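*Asks:* Mind looking over this structure? Questions follow.
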Amino acid sequence: MAKSRDKVDELLVRHREGLARAHRVRNAAQLVAMVDALGFCFAFTGEASYPVPAAFDHLSTNDDSRKWEWMWPWKDELAEQKKIYYGKLLVKKPTFVSMKMLPTFYATFGRAGEPDDHLEDVRAGRLTDLARRVVEYLQHRGETQKKRMRADLGIESKEGRGDLERAIEELQRLMYVARVKAVGERSDDYNYTYDLFVRRYPETVKAAERLSSADATVALLRRLLDLAGGVTAKQVGRLFDWEADRTASAIERLRTKRSIAVVDGMVLLSDLAR
């Protein structure tokens, strides 16, 4: 017999609390180990609307200043060393992804890693013309600081700077562009260098060739459920920016395998639904 919704909610709380207790981080190596175990998580404090772990909440200290002292350099150093991936990915929020899980994220887009892949998203309105210019700039220029990119693209106004920031965020979410390293030490000089994702992570693109977009979508959904215990279809769609039919198809594939159940609109791990 299926459990009541109140009972399910109680089990979800226990499931997520158990995950939180399992990972406590006091050094960079432990952060890498946690991200490897989770597969993906928010880098900083999570979003209440999305039951995904947040690395900042797992730092083993109650001192917020110390948390920032730890996390601020780790996020850049570990990503530059390719020990974890760091970028604005889940709902355009700073996200950590394990290097093992990164090909699955890339495979969901169903791209071959060709130089003109971005043009389809431009034609479909998913990328702005400025985003197209950024991709084509990096194709010719290679890894570049954002400030230098802005100058070379002739962007001077405050509005233009905001447009560039949004374009880079969208290119990160669609995995066309990736952060490489942080540069500058003062707050007014701090920025990142960027490069094409396919040039920064060629091994990831190669590994993604073994996965179909549909299989990668199902794998990400399954991993999300392992982390959250249960989610709504709307949460899934917003988190990964998937259309409703794509989310529904992935849910149905998992349901046919009897690894999940749907209770009152909530997609649950089967063990929590029984």
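Each chain in the structure tokens gets a letter, A, B, ..., in the order shown, and its residues are numbered from 1; ligands are numbered from 1 in order too.
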With DSSP run on the backbone, what are the helix (DSSP H, G or I) residues within region 79-274 of chain A? I'd like them as a ChimeraX atom specification.
*Replies:* /A:79-80,90-92,102-107,118-123,129-141,146-152,158-173,197-200,202-208,213-228,233-240,244-256,270-273
*Asks:* Which parts of region 60-271 of chain A does DSSP call strand (DSSP E) when run on the backbone here, written out as a ChimeraX atom specification?
*Replies:* /A:84-88,94-98,144-145,177-183,191-196,230-232,260-263,266-269
*Asks:* If you count only C-alpha atoms, which residues fall within 7 Å of Val177 (chain A), apart from same-chain ones fewer than 4 positions away, as a PyMOL selection string?
*Replies:* chain A and resi 171-172+194-197
*Asks:* List every residue of region 78-140 of chain A that has an atom at most 10 Å from any atom of region 34-38 of chain A, giving for each one its closest atom pair and the distance in Å to one decimal, counting only C-alpha atoms, sorted by chain and then by ascending residue number, as a Markdown table.
*Replies:*
| residue | atom | partner | partner_atom | distance |
| --- | --- | --- | --- | --- |
| A:Lys83 | CA | A:Asp36 | CA | 9.3 |
| A:Ile84 | CA | A:Val35 | CA | 7.4 |
| A:Tyr85 | CA | A:Val35 | CA | 9.4 |
| A:Phe96 | CA | A:Val35 | CA | 6.8 |
| A:Val97 | CA | A:Val35 | CA | 6.5 |
| A:Ser98 | CA | A:Asp36 | CA | 4.9 |
| A:Met99 | CA | A:Asp36 | CA | 7.6 |
| A:Lys100 | CA | A:Asp36 | CA | 7.5 |
| A:Met101 | CA | A:Asp36 | CA | 8.2 |
*Asks:* How would the residues just picked look written out with N, CA, C and O atoms as a PDB file, in the first residue's frame?
*Replies:*
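Final file, selection-v9.pdb:
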ATOM      1  N   LYS A  83      39.723  18.940 -10.812  1.00  0.00           N
ATOM      2  CA  LYS A  83      39.323  17.950  -9.817  1.00  0.00           C
ATOM      3  C   LYS A  83      37.807  17.946  -9.631  1.00  0.00           C
ATOM      4  O   LYS A  83      37.228  16.927  -9.241  1.00  0.00           O
ATOM      5  N   ILE A  84      37.178  19.088  -9.875  1.00  0.00           N
ATOM      6  CA  ILE A  84      35.721  19.207  -9.945  1.00  0.00           C
ATOM      7  C   ILE A  84      35.407  20.235 -11.020  1.00  0.00           C
ATOM      8  O   ILE A  84      36.268  21.011 -11.435  1.00  0.00           O
ATOM      9  N   TYR A  85      34.165  20.243 -11.465  1.00  0.00           N
ATOM     10  CA  TYR A  85      33.698  21.285 -12.390  1.00  0.00           C
ATOM     11  C   TYR A  85      32.975  22.349 -11.573  1.00  0.00           C
ATOM     12  O   TYR A  85      32.212  22.030 -10.650  1.00  0.00           O
ATOM     13  N   PHE A  96      28.693  22.702  -8.468  1.00  0.00           N
ATOM     14  CA  PHE A  96      29.809  21.762  -8.556  1.00  0.00           C
ATOM     15  C   PHE A  96      29.306  20.485  -9.217  1.00  0.00           C
ATOM     16  O   PHE A  96      28.213  19.994  -8.893  1.00  0.00           O
ATOM     17  N   VAL A  97      30.108  19.922 -10.106  1.00  0.00           N
ATOM     18  CA  VAL A  97      29.807  18.632 -10.726  1.00  0.00           C
ATOM     19  C   VAL A  97      31.059  17.780 -10.663  1.00  0.00           C
ATOM     20  O   VAL A  97      32.169  18.284 -10.903  1.00  0.00           O
ATOM     21  N   SER A  98      30.901  16.516 -10.344  1.00  0.00           N
ATOM     22  CA  SER A  98      32.045  15.618 -10.353  1.00  0.00           C
ATOM     23  C   SER A  98      32.509  15.415 -11.788  1.00  0.00           C
ATOM     24  O   SER A  98      31.722  15.469 -12.733  1.00  0.00           O
ATOM     25  N   MET A  99      33.791  15.174 -11.958  1.00  0.00           N
ATOM     26  CA  MET A  99      34.308  14.963 -13.309  1.00  0.00           C
ATOM     27  C   MET A  99      33.710  13.709 -13.939  1.00  0.00           C
ATOM     28  O   MET A  99      33.555  13.642 -15.162  1.00  0.00           O
ATOM     29  N   LYS A 100      33.339  12.737 -13.124  1.00  0.00           N
ATOM     30  CA  LYS A 100      32.722  11.522 -13.652  1.00  0.00           C
ATOM     31  C   LYS A 100      31.305  11.792 -14.163  1.00  0.00           C
ATOM     32  O   LYS A 100      30.859  11.196 -15.146  1.00  0.00           O
ATOM     33  N   MET A 101      30.594  12.707 -13.515  1.00  0.00           N
ATOM     34  CA  MET A 101      29.218  13.016 -13.905  1.00  0.00           C
ATOM     35  C   MET A 101      29.148  14.042 -15.031  1.00  0.00           C
ATOM     36  O   MET A 101      28.140  14.145 -15.724  1.00  0.00           O
TER      37      MET A 101
END
*Asks:* Just the number, please: distance in Å from CA of Phe42 (chain A) to CA of His58 (chain A), one decimal.
*Replies:* 10.9 Å
*Asks:* Would you mind listing what lies within 10 Å of Ala29 (chain A) as a PDB file with N, CA, C and O atoms, in the first residue's frame, with only C-alpha atoms counted and same-chain residues fewer than 3 positions away left out?
*Replies:*
ATOM      1  N   VAL A  25      32.814  18.609   5.561  1.00  0.00           N
ATOM      2  CA  VAL A  25      34.002  19.023   4.807  1.00  0.00           C
ATOM      3  C   VAL A  25      34.836  20.015   5.609  1.00  0.00           C
ATOM      4  O   VAL A  25      34.317  21.043   6.071  1.00  0.00           O
ATOM      5  N   ARG A  26      36.152  19.701   5.731  1.00  0.00           N
ATOM      6  CA  ARG A  26      37.067  20.614   6.414  1.00  0.00           C
ATOM      7  C   ARG A  26      38.301  20.943   5.566  1.00  0.00           C
ATOM      8  O   ARG A  26      39.140  21.741   5.984  1.00  0.00           O
ATOM      9  N   VAL A  32      36.264  17.594  -2.691  1.00  0.00           N
ATOM     10  CA  VAL A  32      36.293  16.786  -3.913  1.00  0.00           C
ATOM     11  C   VAL A  32      35.610  15.446  -3.671  1.00  0.00           C
ATOM     12  O   VAL A  32      34.801  14.993  -4.488  1.00  0.00           O
ATOM     13  N   ALA A  33      35.903  14.818  -2.542  1.00  0.00           N
ATOM     14  CA  ALA A  33      35.298  13.520  -2.233  1.00  0.00           C
ATOM     15  C   ALA A  33      33.785  13.635  -2.117  1.00  0.00           C
ATOM     16  O   ALA A  33      33.046  12.751  -2.575  1.00  0.00           O
ATOM     17  N   MET A  34      33.300  14.718  -1.520  1.00  0.00           N
ATOM     18  CA  MET A  34      31.861  14.909  -1.381  1.00  0.00           C
ATOM     19  C   MET A  34      31.206  15.096  -2.745  1.00  0.00           C
ATOM     20  O   MET A  34      30.172  14.480  -3.040  1.00  0.00           O
ATOM     21  N   TRP A  74      38.863  27.440  -2.807  1.00  0.00           N
ATOM     22  CA  TRP A  74      38.692  26.051  -3.250  1.00  0.00           C
ATOM     23  C   TRP A  74      37.939  25.966  -4.567  1.00  0.00           C
ATOM     24  O   TRP A  74      38.301  25.183  -5.444  1.00  0.00           O
ATOM     25  N   LEU A  78      40.254  24.109  -7.345  1.00  0.00           N
ATOM     26  CA  LEU A  78      39.893  22.734  -7.692  1.00  0.00           C
ATOM     27  C   LEU A  78      39.368  22.630  -9.116  1.00  0.00           C
ATOM     28  O   LEU A  78      39.619  21.642  -9.814  1.00  0.00           O
ATOM     29  N   LYS A  83      39.723  18.940 -10.812  1.00  0.00           N
ATOM     30  CA  LYS A  83      39.323  17.950  -9.817  1.00  0.00           C
ATOM     31  C   LYS A  83      37.807  17.946  -9.631  1.00  0.00           C
ATOM     32  O   LYS A  83      37.228  16.927  -9.241  1.00  0.00           O
TER      33      LYS A  83
END
*Asks:* I need the residue nearest Gly125 (chain A) from this list: A:Glu170, A:Asp226, A:Glu143, A:Glu159. Use only C-alpha atoms for the distance.
*Replies:*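 Closest to Gly125 (chain A), using only C-alpha atoms: A:Glu170.
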*Asks:* Calculated over only C-alpha atoms, which of the candidates A:Ser157, A:Asp271, A:Ala214, A:Val263 has the smallest distance to Ser249 (chain A)?
*Replies:*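 Going through A:Ser157, A:Asp271, A:Ala214, A:Val263 one by one, the smallest distance to Ser249 (chain A) is for A:Ala214.
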*Asks:* Mind pulling up the distance from CA of Arg199 (chain A) to CA of Ala124 (chain A)?
*Replies:*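 Here the two named atoms are 24.1 Å from each other.
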